[in-house]
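Coordinates from data.txt are shown below (compact mmCIF, C-alpha atoms).
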```txt
# COMPACT_ATOMS: atom_id res chain seq x y z
CA MET A 1230 2.97 -20.76 -24.96
CA LYS A 1231 4.67 -20.72 -21.56
CA LEU A 1232 3.31 -19.23 -18.34
CA ASN A 1233 5.91 -17.18 -16.48
CA LEU A 1234 6.01 -16.78 -12.70
CA VAL A 1235 7.17 -13.31 -11.65
CA PRO A 1236 8.19 -11.90 -8.24
CA ALA A 1237 5.99 -9.46 -6.34
CA ARG A 1238 8.21 -6.48 -7.27
CA THR A 1239 7.24 -6.98 -10.91
CA GLY A 1240 3.90 -5.34 -10.08
CA ALA A 1241 5.78 -2.09 -9.39
CA ILE A 1242 7.74 -2.51 -12.64
CA TRP A 1243 4.46 -2.83 -14.58
CA VAL A 1244 3.26 0.46 -13.15
CA LYS A 1245 6.57 2.14 -14.01
CA LEU A 1246 6.60 0.74 -17.55
CA GLY A 1247 3.01 1.82 -18.10
CA MET A 1248 3.92 5.39 -17.18
CA GLN A 1249 7.08 5.29 -19.32
CA ALA A 1250 5.18 4.04 -22.34
CA PHE A 1251 2.39 6.59 -21.86
CA PHE A 1252 4.81 9.52 -21.74
CA LYS A 1253 6.60 8.28 -24.86
CA GLN A 1254 3.39 8.91 -26.84
CA PRO A 1255 1.11 10.84 -24.46
CA LEU A 1256 -1.10 12.46 -27.09
CA ALA A 1257 -1.56 9.28 -29.10
CA LEU A 1258 -2.26 7.01 -26.13
CA ALA A 1259 -4.50 9.54 -24.38
CA GLY A 1260 -6.37 10.09 -27.63
CA LEU A 1261 -6.88 6.33 -28.10
CA PHE A 1262 -8.13 6.04 -24.53
CA PHE A 1263 -10.64 8.85 -25.11
CA MET A 1264 -11.75 7.09 -28.32
CA PHE A 1265 -12.17 3.91 -26.28
CA MET A 1266 -14.34 5.79 -23.76
CA ALA A 1267 -16.34 7.40 -26.57
CA LEU A 1268 -16.99 4.04 -28.26
CA MET A 1269 -18.22 2.56 -25.01
CA SER A 1270 -20.45 5.58 -24.36
CA VAL A 1271 -21.96 5.53 -27.85
CA ALA A 1272 -22.58 1.78 -27.62
CA THR A 1273 -24.46 2.16 -24.33
CA MET A 1274 -26.79 4.68 -26.00
CA VAL A 1275 -28.22 2.06 -28.37
CA PRO A 1276 -31.82 1.46 -27.24
CA LEU A 1277 -32.51 -1.77 -25.31
CA VAL A 1278 -29.23 -3.51 -26.14
CA GLY A 1279 -26.78 -0.69 -25.37
CA LEU A 1280 -25.23 -2.07 -22.18
CA PRO A 1281 -24.83 -5.68 -23.43
CA LEU A 1282 -23.40 -4.33 -26.70
CA ALA A 1283 -20.82 -2.20 -24.89
CA MET A 1284 -19.78 -5.11 -22.66
CA THR A 1285 -19.49 -7.38 -25.71
CA LEU A 1286 -17.14 -4.91 -27.39
CA LEU A 1287 -15.04 -4.30 -24.27
CA PRO A 1288 -12.54 -7.22 -24.51
CA ALA A 1289 -11.66 -6.47 -28.13
CA ILE A 1290 -11.34 -2.72 -27.57
CA THR A 1291 -9.15 -3.33 -24.53
CA LEU A 1292 -6.95 -5.49 -26.76
CA GLY A 1293 -6.66 -2.50 -29.07
CA LEU A 1294 -5.21 -0.41 -26.24
CA MET A 1295 -2.72 -3.17 -25.45
CA ALA A 1296 -1.71 -3.35 -29.11
CA ALA A 1297 -1.19 0.42 -29.09
CA THR A 1298 1.14 0.08 -26.10
CA ARG A 1299 3.06 -2.65 -27.91
CA GLU A 1300 3.48 -0.38 -30.94
CA THR A 1301 4.80 2.36 -28.65
CA THR A 1302 7.37 0.07 -27.01
CA GLN A 1303 8.64 -0.85 -30.48
CA GLY A 1304 9.11 2.80 -31.41
CA ARG A 1305 6.12 3.08 -33.72
CA PHE A 1306 3.29 5.60 -33.59
CA PRO A 1307 -0.04 3.88 -32.75
CA MET A 1308 -2.59 4.87 -35.38
CA PRO A 1309 -6.32 5.13 -34.50
CA LEU A 1310 -7.25 1.96 -36.40
CA ILE A 1311 -5.15 -0.09 -33.98
CA LEU A 1312 -8.02 0.24 -31.54
CA LEU A 1313 -9.97 -2.14 -33.79
CA SER A 1314 -7.18 -4.74 -34.04
CA GLY A 1315 -9.32 -7.40 -32.39
CA PHE A 1316 -11.94 -7.04 -35.12
CA ARG A 1317 -9.46 -7.02 -38.02
CA ALA A 1318 -7.46 -10.18 -37.28
CA GLY A 1319 -9.40 -12.60 -39.49
CA PRO A 1320 -12.64 -14.55 -39.05
CA VAL A 1321 -11.29 -17.11 -36.56
CA LYS A 1322 -9.98 -14.52 -34.10
CA LEU A 1323 -13.01 -12.32 -34.68
CA ARG A 1324 -15.31 -15.17 -33.63
CA ALA A 1325 -13.14 -15.81 -30.58
CA MET A 1326 -13.23 -12.11 -29.63
CA LEU A 1327 -16.99 -11.98 -30.00
CA THR A 1328 -17.29 -15.16 -27.93
CA LEU A 1329 -15.21 -13.52 -25.21
CA GLY A 1330 -17.37 -10.43 -25.45
CA GLY A 1331 -20.61 -12.38 -25.22
CA ILE A 1332 -19.44 -14.33 -22.17
CA TYR A 1333 -18.18 -11.16 -20.49
CA ALA A 1334 -21.45 -9.35 -21.19
CA ALA A 1335 -23.45 -12.23 -19.71
CA GLY A 1336 -21.23 -12.36 -16.63
CA PHE A 1337 -21.37 -8.59 -16.11
CA LEU A 1338 -25.16 -8.52 -16.42
CA CYS A 1339 -25.43 -11.37 -13.90
CA ALA A 1340 -23.18 -9.48 -11.45
CA ILE A 1341 -25.04 -6.18 -11.78
CA GLY A 1342 -28.36 -8.06 -11.70
CA ALA A 1343 -27.40 -9.77 -8.45
CA SER A 1344 -26.64 -6.38 -6.89
CA TYR A 1345 -30.05 -5.15 -8.12
CA LEU A 1346 -31.76 -7.95 -6.23
CA VAL A 1347 -29.97 -6.95 -3.01
CA ASP A 1348 -30.90 -3.25 -2.86
CA GLY A 1349 -33.52 -2.71 -5.55
CA GLY A 1350 -31.12 -1.09 -8.03
CA GLY A 1351 -29.56 1.71 -5.99
CA PHE A 1352 -25.99 0.54 -6.54
CA ALA A 1353 -26.67 -0.51 -10.14
CA HIS A 1354 -28.02 2.93 -11.08
CA MET A 1355 -25.06 4.63 -9.43
CA TYR A 1356 -22.48 2.32 -11.05
CA LEU A 1357 -23.99 2.65 -14.51
CA GLY A 1358 -24.23 6.44 -14.22
CA GLY A 1359 -27.97 6.68 -14.08
CA GLN A 1360 -28.06 8.71 -10.87
CA PRO A 1361 -25.49 10.39 -8.59
CA PRO A 1362 -25.12 8.64 -5.22
CA SER A 1363 -26.20 10.49 -2.11
CA ALA A 1364 -24.39 10.14 1.21
CA GLU A 1365 -27.56 8.71 2.72
CA LEU A 1366 -27.85 6.07 0.01
CA MET A 1367 -24.19 5.04 0.27
CA SER A 1368 -24.45 4.64 4.04
CA THR A 1369 -27.32 2.16 3.92
CA GLY A 1370 -26.60 -1.48 4.64
CA ASN A 1371 -28.40 -2.70 1.51
CA PHE A 1372 -26.33 -0.41 -0.74
CA GLN A 1373 -23.07 -1.61 0.78
CA MET A 1374 -24.16 -5.24 0.55
CA ALA A 1375 -25.09 -4.72 -3.11
CA MET A 1376 -21.70 -3.12 -3.76
CA TRP A 1377 -19.80 -6.03 -2.22
CA THR A 1378 -22.03 -8.53 -4.03
CA PHE A 1379 -21.09 -6.91 -7.34
CA ILE A 1380 -17.39 -6.74 -6.44
CA GLY A 1381 -17.37 -10.38 -5.32
CA LEU A 1382 -18.88 -11.53 -8.61
CA HIS A 1383 -17.08 -9.11 -10.92
CA LEU A 1384 -13.55 -9.65 -9.59
CA PRO A 1385 -13.20 -13.28 -10.75
CA LEU A 1386 -14.90 -12.29 -14.01
CA SER A 1387 -12.25 -9.59 -14.53
CA LEU A 1388 -9.44 -12.07 -13.89
CA LEU A 1389 -10.89 -14.45 -16.47
CA PHE A 1390 -10.71 -11.67 -19.06
CA TRP A 1391 -7.52 -9.91 -17.91
CA HIS A 1392 -5.26 -11.66 -20.41
CA SER A 1393 -7.74 -13.56 -22.56
CA PRO A 1394 -8.11 -11.00 -25.43
CA ALA A 1395 -4.30 -10.85 -25.74
CA LEU A 1396 -4.04 -14.65 -25.63
CA VAL A 1397 -6.61 -14.95 -28.42
CA TYR A 1398 -4.89 -12.28 -30.51
CA TRP A 1399 -1.19 -13.03 -30.00
CA GLN A 1400 -1.21 -16.70 -28.92
CA ASP A 1401 -4.05 -17.97 -31.17
CA LEU A 1402 -5.89 -19.60 -28.27
CA PRO A 1403 -9.64 -20.31 -28.42
CA ALA A 1404 -11.81 -18.19 -26.16
CA LEU A 1405 -12.43 -20.65 -23.31
CA LYS A 1406 -8.81 -21.80 -23.17
CA ALA A 1407 -7.66 -18.17 -23.10
CA MET A 1408 -9.98 -17.46 -20.17
CA PHE A 1409 -8.61 -20.45 -18.29
CA PHE A 1410 -4.97 -19.43 -18.76
CA SER A 1411 -5.81 -15.82 -17.90
CA ILE A 1412 -7.16 -16.61 -14.44
CA VAL A 1413 -4.39 -19.17 -13.83
CA ALA A 1414 -1.75 -16.53 -14.65
CA CYS A 1415 -3.40 -14.02 -12.31
CA GLY A 1416 -3.59 -16.60 -9.54
CA ARG A 1417 -0.02 -17.84 -9.95
CA ASN A 1418 1.25 -14.24 -9.93
CA PHE A 1419 -1.09 -13.07 -7.19
CA LEU A 1420 1.51 -11.05 -5.27
CA ALA A 1421 2.65 -9.14 -8.35
CA PHE A 1422 -0.92 -8.26 -9.27
CA THR A 1423 -1.65 -7.22 -5.67
CA VAL A 1424 1.32 -4.83 -5.73
CA PHE A 1425 0.19 -3.60 -9.15
CA ALA A 1426 -3.37 -2.89 -7.94
CA PHE A 1427 -2.35 -1.15 -4.72
CA LEU A 1428 0.22 1.03 -6.48
CA TRP A 1429 -2.32 2.21 -9.04
CA MET A 1430 -4.75 3.01 -6.22
CA GLY A 1431 -1.92 4.94 -4.58
CA VAL A 1432 -1.23 6.85 -7.81
CA MET A 1433 -4.90 7.80 -8.09
CA LEU A 1434 -5.14 8.93 -4.46
CA GLY A 1435 -1.83 10.78 -4.78
CA ALA A 1436 -3.10 12.68 -7.81
CA VAL A 1437 -6.23 13.74 -5.91
CA LEU A 1438 -4.10 14.79 -2.92
CA LEU A 1439 -1.78 16.88 -5.10
CA LEU A 1440 -4.77 18.66 -6.65
CA THR A 1441 -6.16 19.37 -3.19
CA ILE A 1442 -2.80 20.76 -2.01
CA ALA A 1443 -2.46 22.87 -5.17
CA SER A 1444 -5.98 24.21 -4.70
CA SER A 1445 -5.11 25.32 -1.18
CA ALA A 1446 -1.70 26.73 -2.15
CA PHE A 1447 -3.15 28.88 -4.92
CA ASN A 1448 -6.23 29.76 -2.87
CA SER A 1449 -8.41 28.45 -5.69
CA PRO A 1450 -11.24 26.27 -4.32
CA ASN A 1451 -12.48 25.48 -7.83
CA LEU A 1452 -9.15 24.11 -9.06
CA THR A 1453 -9.73 20.60 -7.72
CA GLY A 1454 -13.22 20.42 -9.20
CA VAL A 1455 -12.02 21.63 -12.62
CA MET A 1456 -8.92 19.42 -12.83
CA LEU A 1457 -10.11 16.27 -11.03
CA PHE A 1458 -11.90 14.60 -13.94
CA PRO A 1459 -9.15 15.11 -16.59
CA THR A 1460 -6.50 14.05 -14.07
CA LEU A 1461 -8.31 10.82 -13.24
CA LEU A 1462 -8.81 10.16 -16.96
CA MET A 1463 -5.06 10.53 -17.51
CA VAL A 1464 -4.35 8.11 -14.65
CA ALA A 1465 -6.86 5.67 -16.16
CA ALA A 1466 -5.14 5.98 -19.55
CA MET A 1467 -1.78 5.14 -17.95
CA PHE A 1468 -3.37 2.19 -16.16
CA PHE A 1469 -4.68 0.76 -19.44
CA THR A 1470 -1.26 1.38 -20.99
CA SER A 1471 0.31 -0.78 -18.29
CA LEU A 1472 -1.95 -3.77 -19.02
CA TYR A 1473 0.18 -4.88 -21.96
CA PHE A 1474 3.20 -5.37 -19.67
CA THR A 1475 1.23 -7.65 -17.34
CA TYR A 1476 0.48 -9.89 -20.33
CA ARG A 1477 3.98 -9.66 -21.78
CA ASP A 1478 5.68 -10.75 -18.55
CA CYS A 1479 3.16 -13.46 -17.58
CA PHE A 1480 3.40 -15.28 -20.91
CA GLN A 1481 6.29 -16.07 -23.18
CA ALA A 1482 5.68 -14.09 -26.35
CA PRO A 1483 5.60 -16.02 -29.65
CA GLU A 1484 8.03 -13.51 -31.16
CA PRO A 1485 10.65 -11.20 -29.65
CA THR A 1486 9.51 -7.73 -28.63
CA GLN A 1487 11.51 -4.63 -27.80
CA GLN A 1488 11.00 -3.80 -24.15
CA LEU A 1489 11.26 -0.55 -22.25
CA SER A 1490 13.92 -0.57 -19.58
CA ALA A 1491 12.68 -1.37 -16.08
```
Using structure tokens, write down the structure that the file contains.
Amino acid sequence: MKLNLVPARTGAIWVKLGMQAFFKQPLALAGLFFMFMALMSVATMVPLVGLPLAMTLLPAITLGLMAATRETTQGRFPMPLILLSGFRAGPVKLRAMLTLGGIYAAGFLCAIGASYLVDGGGFAHMYLGGQPPSAELMSTGNFQMAMWTFIGLHLPLSLLFWHSPALVYWQDLPALKAMFFSIVACGRNFLAFTVFAFLWMGVMLGAVLLLTIASSAFNSPNLTGVMLFPTLLMVAAMFFTSLYFTYRDCFQAPEPTQQLSA
């Protein structure tokens, strides 16, 4: 395995390739993303252990979305079972995936727990969907401190797991080694990932702006409210589609892969 260093402009290429891949198989990739969301939602409904269970499954299910993107770039139709690729790769990789999941779940619970200690659970309930945030709540100093506490703890956790499921699955690395190389790759390619993050934020804000303009142009105040959620879900699906390209370009693949043109 070889770590590749990429220029900052590669972040824009990742966004472009994610969109290209998504629109090659929009129904399949959108459907897999909705299945991913449904699996996470169902897991969180399990009494007592729902949230830790969902967080434990998250790395492996995210790997399934990356594998679906890889299938698409190679001209194949991604079947629904590909979402479970991380659980069907043999006992060694399964143990590594579950190890990743357990560590991620513990880290996530620590981050959300730390925010709970700051503001008594206001941010945690909002983030986990337990209650809608009010303007008064969001303007309080404790809420904002809790939010930044969570972000400060969750960001490095996310970088540890950005590439690690793919490294376990395609590079046969053990869980802890995969986490190490994941955060090193993100750090060494910091500028590319910064461009990548800001462009996706721009895409999301642009989609909201277009809906607002369309609502005004057609004199339909309800249009934005009706279309906002599905539009943001589609943007999220394209974002997850682009994750495979960040892995592919940061690490030398063990076998050749057909790539979309940049």
Query raised in the report: So how far away is atom CA of A:Asp1478 from atom CA of A:Gly1247, in Å?
Result: 12.9 Å
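Minimum atom-to-atom distances from A:Met1308, A:Leu1313, A:Ala1343, A:Met1408 to A:Leu1258 were compared using all atoms listed in the file, and the lowest value belongs to A:Met1308.
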Please report as CSV every residue of stretch 1400-1431 of chain A lying within 12 Å of stretch 1373-1385 of chain A, along with the nearest atom pair and their distance in Å (one decimal), using all atoms listed in the file.
```
residue,atom,partner,partner_atom,distance
A:Met1408,CA,A:Pro1385,CA,10.8
A:Phe1409,CA,A:Pro1385,CA,11.4
A:Ser1411,CA,A:Pro1385,CA,10.6
A:Ile1412,CA,A:Pro1385,CA,7.8
A:Val1413,CA,A:Pro1385,CA,11.0
A:Cys1415,CA,A:Pro1385,CA,10.0
A:Gly1416,CA,A:Pro1385,CA,10.2
```
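Closest to A:Leu1386 among A:Met1467, A:Met1274, A:Leu1268, A:Ala1334 is A:Ala1334, based on all atoms listed in the file.
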Requested in this report: For A:Ile1332, list every protein, DNA or RNA residue within 12 Å, evaluated using only C-alpha atoms, and leave out those in the same chain fewer than 5 positions away; present the list as a ChimeraX atom specification.
Outcome: /A:1281-1282,1284-1288,1325-1327,1337-1339,1386-1387,1389-1390,1393,1404-1405,1408
Selected residues written out, C-alpha atoms, as a compact mmCIF listing (two decimals), keeping the file's coordinate frame:
```
# COMPACT_ATOMS: atom_id res chain seq x y z
CA PRO A 1281 -24.83 -5.68 -23.43
CA LEU A 1282 -23.40 -4.33 -26.70
CA MET A 1284 -19.78 -5.11 -22.66
CA THR A 1285 -19.49 -7.38 -25.71
CA LEU A 1286 -17.14 -4.91 -27.39
CA LEU A 1287 -15.04 -4.30 -24.27
CA PRO A 1288 -12.54 -7.22 -24.51
CA ALA A 1325 -13.14 -15.81 -30.58
CA MET A 1326 -13.23 -12.11 -29.63
CA LEU A 1327 -16.99 -11.98 -30.00
CA PHE A 1337 -21.37 -8.59 -16.11
CA LEU A 1338 -25.16 -8.52 -16.42
CA CYS A 1339 -25.43 -11.37 -13.90
CA LEU A 1386 -14.90 -12.29 -14.01
CA SER A 1387 -12.25 -9.59 -14.53
CA LEU A 1389 -10.89 -14.45 -16.47
CA PHE A 1390 -10.71 -11.67 -19.06
CA SER A 1393 -7.74 -13.56 -22.56
CA ALA A 1404 -11.81 -18.19 -26.16
CA LEU A 1405 -12.43 -20.65 -23.31
CA MET A 1408 -9.98 -17.46 -20.17
```
Fewer than 2 positions away in the same chain doesn't count, so skip those; otherwise give me all residues within 9 Å of A:Pro1309, counting all atoms listed in the file, as a CSV table (one decimal) with C-alpha atoms, in the coordinates of the input.
```csv
chain,number,residue,atom,x,y,z
A,1257,ALA,CA,-1.6,9.3,-29.1
A,1260,GLY,CA,-6.4,10.1,-27.6
A,1261,LEU,CA,-6.9,6.3,-28.1
A,1264,MET,CA,-11.8,7.1,-28.3
A,1297,ALA,CA,-1.2,0.4,-29.1
A,1307,PRO,CA,0.0,3.9,-32.8
A,1311,ILE,CA,-5.2,-0.1,-34.0
A,1312,LEU,CA,-8.0,0.2,-31.5
A,1313,LEU,CA,-10.0,-2.1,-33.8
```
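Compared by their closest atoms to A:Met1433, and using all atoms listed in the file, the residues A:Leu1420, A:Met1456, A:Met1463, A:Leu1232 rank with A:Met1463 nearest.
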Query raised in the report: Expressed in Å to a single decimal, how great is the separation between atom CA of A:Leu1329 and atom CA of A:Trp1429?
Result: 26.0 Å
Requested in this report: Anything within 12 Å of (-11.1, -14.5, -36.8): list those residues as a PyMOL selection string, counting only C-alpha atoms and sticking to the file's coordinates.
Outcome: chain A and resi 1289+1314-1328+1397-1398+1401-1404
Report summary line: As a check of understanding: the span from atom CA of A:Gly1240 to atom CA of A:Thr1298 is 17.1 Å
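Residue nearest A:Thr1470 within the list A:Phe1447, A:Trp1391, A:Phe1422, A:Phe1262: A:Phe1262 [criterion: smallest interatomic distance, only C-alpha atoms].
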Size and centre in Å, one decimal, axis-aligned box, all listed stretch 1370-1388 of chain A atoms plus 6 Å per side, as JSON:
```
{"center_x": -18.9, "center_y": -6.8, "center_z": -4.9, "size_x": 31.0, "size_y": 24.9, "size_z": 31.2}
```
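The environment of A:Leu1438 within 12 Å, counting all atoms listed in the file and disregarding residues fewer than 4 places along the same chain, consists of Gly1431, Val1432, Met1433, Leu1434, Ile1442, Ala1443, Ser1444, Ser1445, Thr1453, Met1456, Leu1457, Thr1460 and Leu1461 of chain A.
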Output C-alpha atoms of each residue in that selection to a file, as a compact mmCIF listing (two decimals), keeping the file's coordinate frame.
```txt
# COMPACT_ATOMS: atom_id res chain seq x y z
CA GLY A 1431 -1.92 4.94 -4.58
CA VAL A 1432 -1.23 6.85 -7.81
CA MET A 1433 -4.90 7.80 -8.09
CA LEU A 1434 -5.14 8.93 -4.46
CA ILE A 1442 -2.80 20.76 -2.01
CA ALA A 1443 -2.46 22.87 -5.17
CA SER A 1444 -5.98 24.21 -4.70
CA SER A 1445 -5.11 25.32 -1.18
CA THR A 1453 -9.73 20.60 -7.72
CA MET A 1456 -8.92 19.42 -12.83
CA LEU A 1457 -10.11 16.27 -11.03
CA THR A 1460 -6.50 14.05 -14.07
CA LEU A 1461 -8.31 10.82 -13.24
```
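Closest approach to A:Thr1301 from the set A:Tyr1476, A:Phe1251, A:Tyr1345, A:Phe1468 is made by A:Phe1251, with distances taken over all atoms listed in the file.
Closest approach to A:Pro1236 among A:Phe1480, A:Asn1418, A:Val1437, A:Phe1427 is made by A:Asn1418 (distances from all atoms listed in the file).
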Query - Residues near A:Leu1428, cut-off 8 Å, all atoms listed in the file, skip fewer than 4 positions along chain, as a ChimeraX atom specification - result: /A:1241,1244,1424,1432
